[in-house]
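Have a look at start.csv; it's CSV, C-alpha atoms:
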chain,number,residue,atom,x,y,z
J,24,MET,CA,34.6,-43.8,-81.8
J,25,SER,CA,33.6,-40.2,-82.2
J,26,VAL,CA,35.8,-37.9,-84.1
J,27,TYR,CA,36.0,-34.2,-83.3
J,28,HIS,CA,35.2,-31.6,-86.1
J,29,ARG,CA,37.0,-28.4,-85.4
J,30,PRO,CA,34.9,-25.4,-86.2
J,31,VAL,CA,36.2,-22.8,-88.7
J,32,SER,CA,35.7,-19.3,-87.4
J,33,ASN,CA,34.7,-16.4,-89.7
J,34,THR,CA,38.0,-14.7,-88.8
J,35,TRP,CA,40.1,-17.6,-90.1
J,36,TRP,CA,41.8,-15.2,-92.5
J,37,LEU,CA,43.1,-13.0,-89.7
J,38,LYS,CA,45.1,-15.8,-88.2
J,39,ARG,CA,48.0,-15.7,-90.7
J,40,LYS,CA,49.6,-13.0,-92.8
J,41,PRO,CA,49.4,-14.9,-96.1
J,42,TYR,CA,45.6,-15.3,-95.6
J,43,ILE,CA,45.3,-11.6,-94.9
J,44,LEU,CA,47.2,-10.7,-98.1
J,45,PHE,CA,45.0,-13.2,-100.0
J,46,MET,CA,41.9,-11.5,-98.7
J,47,ILE,CA,43.2,-8.1,-99.6
J,48,ARG,CA,43.9,-9.4,-103.2
J,49,GLU,CA,40.3,-10.7,-103.3
J,50,LEU,CA,39.0,-7.3,-102.1
J,51,THR,CA,41.0,-5.4,-104.8
J,52,SER,CA,38.7,-7.0,-107.4
J,53,VAL,CA,35.9,-4.8,-106.1
J,54,PHE,CA,38.0,-1.7,-107.0
J,55,VAL,CA,38.9,-3.2,-110.4
J,56,ALA,CA,35.3,-3.8,-111.1
J,57,GLY,CA,34.3,-0.4,-109.7
J,58,TYR,CA,36.8,1.4,-111.9
J,59,CYS,CA,35.4,-0.5,-115.0
J,60,ILE,CA,31.9,0.8,-114.0
J,61,PHE,CA,33.4,4.3,-113.6
J,62,LEU,CA,34.8,4.1,-117.2
J,63,LEU,CA,31.5,3.0,-118.5
J,64,VAL,CA,29.8,6.0,-116.8
J,65,LEU,CA,32.5,8.3,-118.3
J,66,VAL,CA,31.6,7.0,-121.8
J,67,TYR,CA,27.9,7.4,-121.1
J,68,LYS,CA,28.4,11.0,-120.0
J,69,LEU,CA,30.3,11.6,-123.3
J,70,THR,CA,27.2,10.4,-125.2
J,71,GLN,CA,25.1,12.9,-123.2
J,72,GLY,CA,26.7,15.9,-124.7
J,73,ALA,CA,29.5,18.4,-123.9
J,74,ASN,CA,27.6,19.9,-120.9
J,75,ALA,CA,27.0,16.6,-119.1
J,76,TYR,CA,30.6,15.6,-119.8
J,77,ASP,CA,32.0,18.9,-118.5
J,78,ASN,CA,29.9,18.8,-115.3
J,79,PHE,CA,31.2,15.2,-114.7
J,80,MET,CA,34.8,16.4,-115.2
J,81,VAL,CA,34.2,19.2,-112.6
J,82,ALA,CA,32.9,16.6,-110.1
J,83,LEU,CA,36.0,14.5,-110.8
J,84,LYS,CA,38.3,17.3,-109.6
J,85,LEU,CA,36.7,17.4,-106.2
J,86,PRO,CA,39.1,16.4,-103.4
J,87,SER,CA,36.9,13.5,-102.4
J,88,SER,CA,36.9,12.2,-106.0
J,89,VAL,CA,40.7,12.6,-106.2
J,90,ALA,CA,41.1,10.7,-102.9
J,91,LEU,CA,38.9,7.9,-104.1
J,92,HIS,CA,40.9,7.6,-107.3
J,93,LEU,CA,44.2,7.4,-105.3
J,94,ILE,CA,42.7,4.7,-103.1
J,95,SER,CA,41.5,2.8,-106.2
J,96,LEU,CA,44.9,3.2,-107.8
J,97,ALA,CA,46.6,1.6,-104.7
J,98,PHE,CA,44.3,-1.3,-104.8
J,99,VAL,CA,44.5,-1.8,-108.5
J,100,LEU,CA,48.3,-1.7,-108.3
J,101,TYR,CA,48.2,-4.4,-105.6
J,102,HIS,CA,45.8,-6.4,-107.7
J,103,THR,CA,48.0,-6.2,-110.8
J,104,ILE,CA,51.4,-6.8,-109.1
J,105,THR,CA,50.2,-9.8,-107.1
J,106,TRP,CA,48.6,-11.4,-110.1
J,107,PHE,CA,51.6,-10.7,-112.4
J,108,ASN,CA,53.8,-12.3,-109.7
J,109,LEU,CA,51.6,-15.4,-109.9
J,110,THR,CA,51.7,-15.7,-113.7
J,111,PRO,CA,54.8,-17.9,-113.8
J,112,LYS,CA,52.9,-20.6,-111.9
J,113,ILE,CA,50.3,-20.7,-114.6
J,114,LEU,CA,52.5,-20.1,-117.6
J,115,VAL,CA,55.1,-22.8,-117.3
J,116,LEU,CA,57.3,-22.8,-120.3
J,117,TYR,CA,60.2,-25.3,-121.1
J,118,ARG,CA,63.1,-25.1,-123.4
J,119,GLY,CA,63.9,-28.8,-123.8
J,120,GLU,CA,64.4,-30.1,-120.2
J,121,GLU,CA,64.9,-26.7,-118.7
J,122,ARG,CA,62.2,-24.5,-117.4
J,123,ILE,CA,62.2,-20.9,-118.6
J,124,ASN,CA,63.1,-18.6,-115.7
J,125,GLN,CA,60.0,-17.6,-113.7
J,126,GLY,CA,61.3,-14.0,-113.4
J,127,LEU,CA,61.4,-13.7,-117.2
J,128,VAL,CA,57.8,-14.8,-117.5
J,129,ALA,CA,56.6,-12.3,-114.9
J,130,GLY,CA,59.0,-9.7,-116.3
J,131,THR,CA,57.4,-9.9,-119.7
J,132,PHE,CA,54.1,-9.0,-118.2
J,133,TYR,CA,55.6,-6.0,-116.4
J,134,ALA,CA,57.3,-4.9,-119.6
J,135,VAL,CA,54.0,-5.1,-121.6
J,136,TRP,CA,52.3,-3.2,-118.8
J,137,ALA,CA,55.0,-0.5,-118.9
J,138,VAL,CA,54.7,-0.1,-122.7
J,139,ILE,CA,50.9,0.1,-122.6
J,140,SER,CA,51.0,2.6,-119.7
J,141,PHE,CA,53.5,4.7,-121.6
J,142,MET,CA,51.3,4.7,-124.6
J,143,VAL,CA,48.3,5.7,-122.5
J,144,VAL,CA,50.2,8.6,-120.9
J,145,TRP,CA,51.5,9.6,-124.4
J,146,LEU,CA,47.9,9.6,-125.8
J,147,VAL,CA,46.3,11.4,-122.9
J,148,LEU,CA,48.9,13.9,-122.0
J,149,GLY,CA,50.5,14.2,-125.5
J,150,VAL,CA,54.0,14.1,-124.0
Y,7,MET,CA,70.4,-25.6,-65.3
Y,8,ALA,CA,69.6,-27.2,-68.7
Y,9,GLU,CA,67.6,-25.1,-71.1
Y,10,THR,CA,64.0,-26.1,-71.6
Y,11,MET,CA,61.1,-25.3,-73.9
Y,12,LYS,CA,57.3,-25.5,-73.5
Y,13,LEU,CA,55.1,-27.4,-75.9
Y,14,GLU,CA,51.4,-26.7,-75.8
Y,15,ILE,CA,49.8,-29.7,-77.3
Y,16,PHE,CA,46.2,-30.3,-78.5
Y,17,ARG,CA,44.6,-33.2,-76.5
Y,18,TYR,CA,41.5,-35.0,-77.4
Y,19,ARG,CA,40.5,-38.3,-75.8
Y,20,PRO,CA,37.1,-39.3,-77.1
Y,21,GLU,CA,36.5,-41.8,-74.3
Y,22,LYS,CA,37.0,-39.2,-71.7
Y,23,GLU,CA,36.0,-35.8,-73.1
Y,24,LYS,CA,33.7,-34.2,-75.6
Y,25,GLU,CA,35.8,-31.1,-76.3
Y,26,PRO,CA,39.5,-31.0,-76.9
Y,27,SER,CA,41.9,-29.1,-74.6
Y,28,PHE,CA,45.6,-28.1,-74.6
Y,29,GLN,CA,48.2,-29.6,-72.3
Y,30,THR,CA,51.6,-27.9,-71.7
Y,31,TYR,CA,54.7,-30.0,-71.4
Y,32,LYS,CA,58.2,-28.8,-70.6
Y,33,VAL,CA,60.9,-30.6,-72.6
Y,34,PRO,CA,64.7,-30.2,-72.7
Y,35,PHE,CA,65.9,-27.8,-75.4
Y,36,ARG,CA,68.5,-29.3,-77.7
Y,37,GLU,CA,70.0,-27.6,-80.7
Y,38,ASP,CA,69.7,-30.7,-82.9
Y,39,TRP,CA,66.2,-31.7,-81.9
Y,40,VAL,CA,63.3,-31.4,-84.2
Y,41,VAL,CA,59.7,-31.1,-82.9
Y,42,LEU,CA,59.2,-34.8,-83.4
Y,43,ASP,CA,62.1,-35.5,-81.1
Y,44,ALA,CA,60.5,-33.4,-78.4
Y,45,ILE,CA,57.1,-35.1,-78.9
Y,46,ASN,CA,58.9,-38.5,-78.7
Y,47,HIS,CA,60.5,-37.4,-75.5
Y,48,ILE,CA,57.1,-36.5,-74.0
Y,49,LYS,CA,55.7,-39.9,-75.1
Y,50,ASP,CA,58.7,-41.8,-73.6
Y,51,GLU,CA,59.5,-39.8,-70.5
Y,52,ILE,CA,56.5,-37.7,-69.5
Y,53,ASP,CA,53.1,-38.8,-70.8
Y,54,GLY,CA,52.7,-42.1,-72.5
Y,55,THR,CA,49.1,-41.4,-73.4
Y,56,LEU,CA,49.9,-38.8,-76.0
Y,57,SER,CA,49.0,-40.1,-79.5
Y,58,TYR,CA,50.5,-39.0,-82.8
Y,59,ARG,CA,51.8,-40.4,-86.1
Y,60,TRP,CA,55.3,-40.7,-87.3
Y,61,SER,CA,57.6,-43.1,-89.1
Y,62,CYS,CA,60.7,-42.4,-91.2
Y,63,GLN,CA,62.0,-39.3,-89.4
Y,64,MET,CA,63.6,-38.1,-92.6
Y,65,GLY,CA,60.8,-36.2,-94.5
Y,66,VAL,CA,59.9,-39.1,-96.8
Y,67,CYS,CA,56.9,-41.0,-95.4
Y,68,GLY,CA,54.7,-37.9,-94.9
Y,69,SER,CA,53.2,-39.3,-91.6
Y,70,CYS,CA,54.2,-36.7,-89.1
Y,71,GLY,CA,52.4,-33.6,-90.4
Y,72,ILE,CA,51.1,-31.3,-87.6
Y,73,MET,CA,50.2,-27.7,-87.1
Y,74,ILE,CA,53.1,-25.8,-85.4
Y,75,ASN,CA,52.0,-22.3,-84.4
Y,76,ASN,CA,49.2,-22.5,-86.9
Y,77,VAL,CA,51.4,-23.5,-89.8
Y,78,PRO,CA,51.3,-27.0,-91.3
Y,79,LYS,CA,54.8,-28.7,-91.0
Y,80,LEU,CA,56.4,-32.1,-90.9
Y,81,SER,CA,57.4,-32.4,-87.3
Y,82,CYS,CA,60.5,-34.3,-88.3
Y,83,ALA,CA,61.7,-31.3,-90.3
Y,84,ALA,CA,60.9,-28.4,-87.9
Y,85,PHE,CA,63.8,-27.6,-85.6
Y,86,LEU,CA,63.1,-26.5,-82.0
Y,87,LYS,CA,65.9,-23.9,-82.3
Y,88,ASP,CA,63.8,-22.0,-84.9
Y,89,TYR,CA,61.1,-21.4,-82.2
Y,90,TYR,CA,63.3,-21.2,-79.0
Y,91,PRO,CA,62.7,-19.8,-76.4
Y,92,ASP,CA,59.0,-19.2,-77.3
Y,93,LYS,CA,56.3,-21.7,-76.4
Y,94,ILE,CA,55.3,-23.9,-79.4
Y,95,ARG,CA,51.6,-24.6,-80.0
Y,96,ILE,CA,51.0,-28.0,-81.6
Y,97,GLU,CA,47.7,-29.2,-83.2
Y,98,PRO,CA,46.5,-31.8,-85.6
Y,99,LEU,CA,46.5,-30.8,-89.3
Y,100,THR,CA,43.6,-28.3,-89.8
Y,101,GLY,CA,40.6,-29.3,-91.9
Y,102,PHE,CA,40.5,-32.9,-90.8
Y,103,PRO,CA,38.3,-34.5,-88.2
Y,104,VAL,CA,40.4,-35.4,-85.1
Y,105,GLU,CA,40.4,-39.0,-83.9
Y,106,ARG,CA,42.7,-38.6,-80.9
Y,107,ASP,CA,45.2,-36.0,-79.9
Y,108,LEU,CA,47.3,-35.3,-83.0
Y,109,ILE,CA,45.8,-38.1,-85.0
Y,110,PHE,CA,43.3,-37.1,-87.6
Y,111,GLU,CA,41.0,-39.0,-89.9
Y,112,MET,CA,42.4,-39.2,-93.5
Y,113,ASP,CA,39.7,-41.3,-95.1
Y,114,ASP,CA,38.4,-38.3,-97.1
Y,115,PHE,CA,41.8,-37.7,-98.6
Y,116,MET,CA,42.3,-41.4,-99.4
Y,117,THR,CA,38.9,-41.5,-101.2
Y,118,LYS,CA,39.8,-38.4,-103.3
Y,119,LEU,CA,43.1,-39.8,-104.1
Y,120,THR,CA,41.4,-43.0,-105.5
Y,121,GLU,CA,38.9,-40.9,-107.4
Y,122,ILE,CA,41.6,-39.1,-109.3
Y,123,GLN,CA,43.0,-42.4,-110.7
Y,124,PRO,CA,46.6,-41.6,-110.0
Y,125,TYR,CA,48.2,-44.2,-112.3
Y,126,ILE,CA,48.9,-44.5,-116.0
Y,127,ILE,CA,45.8,-45.3,-118.0
Y,128,ARG,CA,46.1,-46.6,-121.5
Y,129,LYS,CA,43.5,-47.0,-124.1
Y,130,GLU,CA,43.0,-50.7,-124.6
Y,131,SER,CA,42.7,-50.4,-128.4
Y,132,GLU,CA,46.1,-48.6,-128.6
Y,133,GLU,CA,48.0,-50.8,-126.2
Y,134,LYS,CA,50.9,-52.6,-127.7
Y,135,PRO,CA,52.0,-56.1,-126.8
Y,136,LEU,CA,54.6,-56.6,-124.1
Y,137,GLU,CA,57.1,-58.0,-126.6
Y,138,GLU,CA,57.3,-54.5,-128.2
Y,139,GLY,CA,58.9,-53.2,-125.1
Y,140,GLU,CA,58.3,-50.3,-122.8
Y,141,HIS,CA,56.8,-46.9,-123.6
Y,142,LEU,CA,59.9,-44.7,-123.8
Y,143,GLN,CA,60.0,-41.2,-122.5
Y,144,SER,CA,62.5,-38.4,-123.2
Y,145,PRO,CA,64.1,-36.5,-120.3
Y,146,ALA,CA,62.3,-33.4,-121.6
Y,147,GLU,CA,58.9,-35.2,-121.3
Y,148,LEU,CA,59.9,-36.3,-117.8
Y,149,ALA,CA,60.8,-32.8,-116.8
Y,150,HIS,CA,57.3,-31.5,-117.6
Y,151,TYR,CA,55.6,-33.5,-114.8
Y,152,LYS,CA,58.5,-34.6,-112.5
Y,153,GLN,CA,57.8,-31.8,-109.9
Y,154,TYR,CA,54.2,-33.0,-109.5
Y,155,SER,CA,55.4,-36.6,-108.9
Y,156,MET,CA,57.3,-35.8,-105.8
Y,157,CYS,CA,54.3,-35.7,-103.5
Y,158,ILE,CA,54.6,-37.8,-100.3
Y,159,ASN,CA,50.8,-37.5,-99.4
Y,160,CYS,CA,51.6,-35.7,-96.2
Y,161,MET,CA,48.5,-33.6,-96.5
Y,162,LEU,CA,50.1,-30.3,-95.3
Y,163,CYS,CA,48.7,-28.7,-98.4
Y,164,TYR,CA,45.1,-29.6,-97.3
Y,165,ALA,CA,45.8,-28.1,-93.9
Y,166,ALA,CA,47.0,-24.9,-95.5
Y,167,CYS,CA,44.0,-24.6,-97.8
Y,168,PRO,CA,41.2,-22.5,-96.3
Y,169,VAL,CA,38.9,-23.7,-99.1
Y,170,TYR,CA,39.2,-27.3,-97.9
Y,171,ALA,CA,38.7,-26.2,-94.3
Y,172,LEU,CA,35.5,-24.4,-95.2
Y,173,ASP,CA,34.2,-26.9,-97.7
Y,174,SER,CA,35.6,-30.5,-97.5
Y,175,THR,CA,33.9,-31.5,-100.7
Y,176,PHE,CA,36.8,-29.8,-102.5
Y,177,ILE,CA,39.0,-32.4,-104.1
Y,178,GLY,CA,42.0,-30.6,-102.8
Y,179,PRO,CA,45.6,-29.7,-103.8
Y,180,ALA,CA,47.6,-33.0,-103.6
Y,181,ALA,CA,45.0,-35.1,-105.4
Y,182,ILE,CA,44.6,-32.6,-108.2
Y,183,ALA,CA,48.4,-32.2,-108.5
Y,184,LEU,CA,48.7,-35.9,-108.7
Y,185,GLY,CA,46.0,-36.0,-111.4
Y,186,GLN,CA,47.9,-33.4,-113.3
Y,187,ARG,CA,51.1,-35.4,-112.9
Y,188,TYR,CA,49.5,-38.3,-114.8
Y,189,ASN,CA,47.7,-36.0,-117.3
Y,190,MET,CA,51.1,-34.5,-118.2
Y,191,ASP,CA,52.8,-37.9,-118.5
Y,192,SER,CA,53.5,-38.6,-122.2
Y,193,ARG,CA,52.7,-42.3,-121.6
Y,194,ASP,CA,49.3,-41.6,-120.2
Y,195,GLN,CA,45.9,-41.5,-122.1
Y,196,GLY,CA,43.6,-41.1,-119.1
Y,197,ARG,CA,43.0,-37.4,-119.0
Y,198,ASP,CA,39.4,-37.6,-120.2
Y,199,ALA,CA,38.6,-40.0,-117.4
Y,200,ARG,CA,40.2,-37.8,-114.7
Y,201,GLN,CA,38.6,-34.7,-116.1
Y,202,GLU,CA,35.2,-35.8,-114.7
Y,203,VAL,CA,36.7,-35.3,-111.2
Y,204,ILE,CA,39.3,-32.6,-111.8
Y,205,ALA,CA,37.0,-30.3,-113.8
Y,206,SER,CA,33.9,-31.0,-111.7
Y,207,HIS,CA,32.3,-28.4,-109.4
Y,208,ASP,CA,34.3,-29.8,-106.5
Y,209,GLY,CA,37.5,-29.9,-108.5
Y,210,ILE,CA,39.8,-27.1,-109.8
Y,211,TRP,CA,37.0,-24.4,-109.9
Y,212,GLU,CA,36.7,-24.5,-106.1
Y,213,CYS,CA,40.3,-23.3,-105.8
Y,214,THR,CA,40.6,-19.5,-105.2
Y,215,PHE,CA,44.4,-19.6,-105.6
Y,216,VAL,CA,45.4,-18.7,-102.1
Y,217,GLY,CA,48.7,-20.4,-102.9
Y,218,GLU,CA,49.6,-21.5,-99.4
Y,219,CYS,CA,49.4,-25.2,-100.4
Y,220,SER,CA,52.6,-24.6,-102.4
Y,221,VAL,CA,54.3,-22.6,-99.7
Y,222,VAL,CA,54.0,-25.3,-97.1
Y,223,CYS,CA,54.7,-28.3,-99.4
Y,224,PRO,CA,57.9,-29.9,-98.1
Y,225,LYS,CA,58.7,-31.4,-101.5
Y,226,ASP,CA,58.2,-28.3,-103.6
Y,227,VAL,CA,55.4,-30.0,-105.6
Y,228,ASP,CA,53.6,-26.7,-106.2
Y,229,PRO,CA,50.0,-28.0,-106.2
Y,230,ALA,CA,48.7,-24.4,-106.7
Y,231,ALA,CA,50.5,-24.2,-110.0
Y,232,ALA,CA,49.2,-27.7,-111.0
Y,233,ILE,CA,45.6,-26.6,-110.2
Y,234,GLN,CA,45.9,-23.3,-112.2
Y,235,ARG,CA,47.4,-25.1,-115.2
Y,236,ALA,CA,44.6,-27.6,-115.0
Y,237,LYS,CA,42.2,-24.6,-115.1
Y,238,VAL,CA,43.9,-23.3,-118.2
Y,239,SER,CA,43.7,-26.8,-120.0
Y,240,SER,CA,40.0,-27.2,-119.0
Y,241,THR,CA,39.2,-23.7,-120.3
Y,242,VAL,CA,40.9,-24.5,-123.6
Y,243,ASP,CA,38.8,-27.7,-123.7
Y,244,TRP,CA,35.7,-25.6,-123.2
Y,245,PHE,CA,36.6,-23.2,-126.0
Y,246,LYS,CA,37.5,-26.0,-128.3
Y,247,ASP,CA,34.1,-27.6,-127.6
Y,248,ILE,CA,32.3,-24.3,-128.5
Y,249,LEU,CA,34.4,-23.4,-131.5
Y,250,ILE,CA,35.0,-26.9,-133.0
Y,251,PRO,CA,32.1,-29.0,-131.8
Y,252,TRP,CA,32.7,-31.5,-134.5
Y,253,GLY,CA,36.2,-32.1,-133.2
Y,254,LYS,CA,35.0,-33.6,-129.9
Y,255,LYS,CA,36.8,-36.6,-128.8
Y,256,LYS,CA,34.7,-39.8,-128.4
Take the structure in the file and give it back as structure tokens.
Amino acid sequence: MSVYHRPVSNTWWLKRKPYILFMIRELTSVFVAGYCIFLLVLVYKLTQGANAYDNFMVALKLPSSVALHLISLAFVLYHTITWFNLTPKILVLYRGEERINQGLVAGTFYAVWAVISFMVVWLVLGV
Amino acid sequence: MAETMKLEIFRYRPEKEKEPSFQTYKVPFREDWVVLDAINHIKDEIDGTLSYRWSCQMGVCGSCGIMINNVPKLSCAAFLKDYYPDKIRIEPLTGFPVERDLIFEMDDFMTKLTEIQPYIIRKESEEKPLEEGEHLQSPAELAHYKQYSMCINCMLCYAACPVYALDSTFIGPAAIALGQRYNMDSRDQGRDARQEVIASHDGIWECTFVGECSVVCPKDVDPAAAIQRAKVSSTVDWFKDILIPWGKKK
């Protein structure tokens, strides 16, 4: 008896909201990687002398550059939040027979994130 | 006039047609009916040729999994009232070859389940004689794996997994979760044997953590978590092999 193999279309991920959200999460990795490259370029410019660095800084203040940074920020935030929310699935901790609250596990990551972000702001802006 | 609902059901009769089609049936709407009741009504009263699987009608046997409006569900646990008055689209579980109507071929899953060796494995050299009694386990040790032992092999997690639909060589959520269930059992010593399958190319590393397997699981097994935890353990193994190569287990 012949069985029927249903084809999977290239747009399978558009059929349900969870799959779309998953694909967005995958896409955000591009922005995370892109920003890492940007930081490397920034360090490289720093090694090229004050002039090169200053020119780069001027270019960064262009509206298009600011817009790109804001878009990247949105995607990186989505990336971070979705992954932090998934950490309790990976980091399963028990106290005796009782599982430690999943919110507490994810909350710890958020707290560390907040502390590090505060330290960065403090270092950069000196406030 | 009594209220009715429409069910659009996937039909495939290999002796008659090469391609599947959809057939719409009108069934009575009853508050206390689940989708399986409506399908049974079609089979008994409207069209006896419709083929599908079911058994316990209480969410235990795992036989009646179908796609309802593109979402994998047990038809015995999905109420008509949650969809009323809209039409319901019913298909066989995604990712599996279809034999007839809502019946799909599950051989692949069965093979993978066997490969994972889902039973307690003991090292012969360390086995104690029967007279010494059973291998005791504390409630805390049980708690660590109990969730993963609740699987009823309904395969909804496979139908929710786009990785499996795209590449059926993937061992898949339920089989890996069951492997993890035994790996985490304090009485088991078979992790190394299972690792050959679990940590293989077709095992945990195929998973992209979509997470829908856990969302659709009717028993809250959370196979996505089992897979990610197996990834962590396998990564720790890898680092141990690199950092302490002399500590390798035989």
Q | Of the listed residues J:Tyr76, J:Tyr67, J:Phe132, J:Trp106, that which approaches chain Y most closely, counting all atoms listed in the file | A |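 Looking at the shortest contact to chain Y, the residue is J:Trp106.
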**Q.** Interface list for chain J, partner chain Y, 7 Å threshold, only C-alpha atoms, as a VMD selection string
**A.** chain J and resid 24 to 29 31 45 112 to 113 119 to 120
**Q.** One-decimal distance in Å that lies between CA of Gln201 (chain Y) and CA of Ser155 (chain Y)
**A.**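 Calculated distance between CA of Ser155 (chain Y) and CA of Gln201 (chain Y) is 18.4 Å.
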Box for region 116-134 of chain Y - axis-aligned, 6 Å on each of the six sides, all listed atoms - centre and size in Å to one decimal, as AutoDock Vina command-line options.
--center_x 44.9 --center_y -45.5 --center_z -114.0 --size_x 24.0 --size_y 26.2 --size_z 41.2
Q: Go ahead and compute the interatomic distance for CA of Gln123 (chain Y) and CA of His141 (chain Y), in Å to one decimal.
A: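 So the two atoms, CA of Gln123 (chain Y) and CA of His141 (chain Y), lie 19.4 Å apart.
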Q) Hey, can you check how far CA of Arg36 (chain Y) sits from CA of Trp60 (chain Y)? A)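 Value for the CA of Arg36 (chain Y)-CA of Trp60 (chain Y) distance: 19.9 Å.
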Q | Contacts of Leu42 (chain Y) within 7 Å, only C-alpha atoms, excl. fewer than 4 positions in-chain, as a PyMOL selection string | A | chain Y and resi 46+81-82
Q: Would you kindly return, as a PyMOL selection string, each protein, DNA or RNA residue with an atom no farther than 12 Å from any atom of Gly185 (chain Y), considering only C-alpha atoms and excluding same-chain residues fewer than 6 positions away?
A: chain Y and resi 118-127+151+154-155+157+177-179+191+194+196-205+209-210+229+232-233+235-236
Q: Check the smallest atom-to-atom distance from each of J:Met142, J:Phe79, J:Thr110, J:Val115 to Ala129 (chain J) using all atoms listed in the file, then report the winner.
A: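 Result for the nearest residue to Ala129 (chain J): J:Thr110.
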Once N, CA and C atoms are restored for region 167-186 of chain Y, what would the output be as an mmCIF file, in the coordinates of the input?
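Once written, result-v4.cif looks like this:
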data_model
loop_
_atom_site.group_PDB
_atom_site.id
_atom_site.type_symbol
_atom_site.label_atom_id
_atom_site.label_comp_id
_atom_site.auth_asym_id
_atom_site.auth_seq_id
_atom_site.Cartn_x
_atom_site.Cartn_y
_atom_site.Cartn_z
ATOM 1 N N CYS Y 167 45.045 -25.122 -96.839
ATOM 2 C CA CYS Y 167 44.000 -24.600 -97.800
ATOM 3 C C CYS Y 167 42.744 -24.223 -97.054
ATOM 4 N N PRO Y 168 42.446 -22.921 -97.012
ATOM 5 C CA PRO Y 168 41.200 -22.500 -96.300
ATOM 6 C C PRO Y 168 39.959 -22.969 -97.058
ATOM 7 N N VAL Y 169 40.071 -23.188 -98.358
ATOM 8 C CA VAL Y 169 38.900 -23.700 -99.100
ATOM 9 C C VAL Y 169 38.503 -25.047 -98.614
ATOM 10 N N TYR Y 170 39.498 -25.916 -98.424
ATOM 11 C CA TYR Y 170 39.200 -27.300 -97.900
ATOM 12 C C TYR Y 170 38.660 -27.236 -96.507
ATOM 13 N N ALA Y 171 39.208 -26.337 -95.688
ATOM 14 C CA ALA Y 171 38.700 -26.200 -94.300
ATOM 15 C C ALA Y 171 37.267 -25.799 -94.258
ATOM 16 N N LEU Y 172 36.896 -24.926 -95.205
ATOM 17 C CA LEU Y 172 35.500 -24.400 -95.200
ATOM 18 C C LEU Y 172 34.559 -25.335 -95.939
ATOM 19 N N ASP Y 173 35.086 -26.073 -96.923
ATOM 20 C CA ASP Y 173 34.200 -26.900 -97.700
ATOM 21 C C ASP Y 173 34.999 -28.212 -98.084
ATOM 22 N N SER Y 174 34.794 -29.266 -97.306
ATOM 23 C CA SER Y 174 35.600 -30.500 -97.500
ATOM 24 C C SER Y 174 35.214 -31.273 -98.731
ATOM 25 N N THR Y 175 34.236 -30.795 -99.498
ATOM 26 C CA THR Y 175 33.900 -31.500 -100.700
ATOM 27 C C THR Y 175 34.991 -31.208 -101.813
ATOM 28 N N PHE Y 176 35.770 -30.148 -101.599
ATOM 29 C CA PHE Y 176 36.800 -29.800 -102.500
ATOM 30 C C PHE Y 176 37.822 -30.956 -102.667
ATOM 31 N N ILE Y 177 38.132 -31.311 -103.904
ATOM 32 C CA ILE Y 177 39.000 -32.400 -104.100
ATOM 33 C C ILE Y 177 40.415 -32.182 -103.500
ATOM 34 N N GLY Y 178 40.845 -30.936 -103.569
ATOM 35 C CA GLY Y 178 42.000 -30.600 -102.800
ATOM 36 C C GLY Y 178 43.340 -30.582 -103.611
ATOM 37 N N PRO Y 179 44.364 -29.905 -103.045
ATOM 38 C CA PRO Y 179 45.600 -29.700 -103.800
ATOM 39 C C PRO Y 179 46.385 -30.947 -104.187
ATOM 40 N N ALA Y 180 46.681 -31.818 -103.234
ATOM 41 C CA ALA Y 180 47.600 -33.000 -103.600
ATOM 42 C C ALA Y 180 46.920 -33.886 -104.584
ATOM 43 N N ALA Y 181 45.619 -34.163 -104.423
ATOM 44 C CA ALA Y 181 45.000 -35.100 -105.400
ATOM 45 C C ALA Y 181 44.935 -34.495 -106.769
ATOM 46 N N ILE Y 182 44.647 -33.199 -106.879
ATOM 47 C CA ILE Y 182 44.600 -32.600 -108.200
ATOM 48 C C ILE Y 182 46.008 -32.532 -108.815
ATOM 49 N N ALA Y 183 47.008 -32.210 -107.978
ATOM 50 C CA ALA Y 183 48.400 -32.200 -108.500
ATOM 51 C C ALA Y 183 48.819 -33.533 -108.999
ATOM 52 N N LEU Y 184 48.389 -34.571 -108.307
ATOM 53 C CA LEU Y 184 48.700 -35.900 -108.700
ATOM 54 C C LEU Y 184 48.011 -36.276 -110.032
ATOM 55 N N GLY Y 185 46.767 -35.844 -110.132
ATOM 56 C CA GLY Y 185 46.000 -36.000 -111.400
ATOM 57 C C GLY Y 185 46.734 -35.354 -112.530
ATOM 58 N N GLN Y 186 47.182 -34.139 -112.274
ATOM 59 C CA GLN Y 186 47.900 -33.400 -113.300
ATOM 60 C C GLN Y 186 49.213 -34.041 -113.654
#
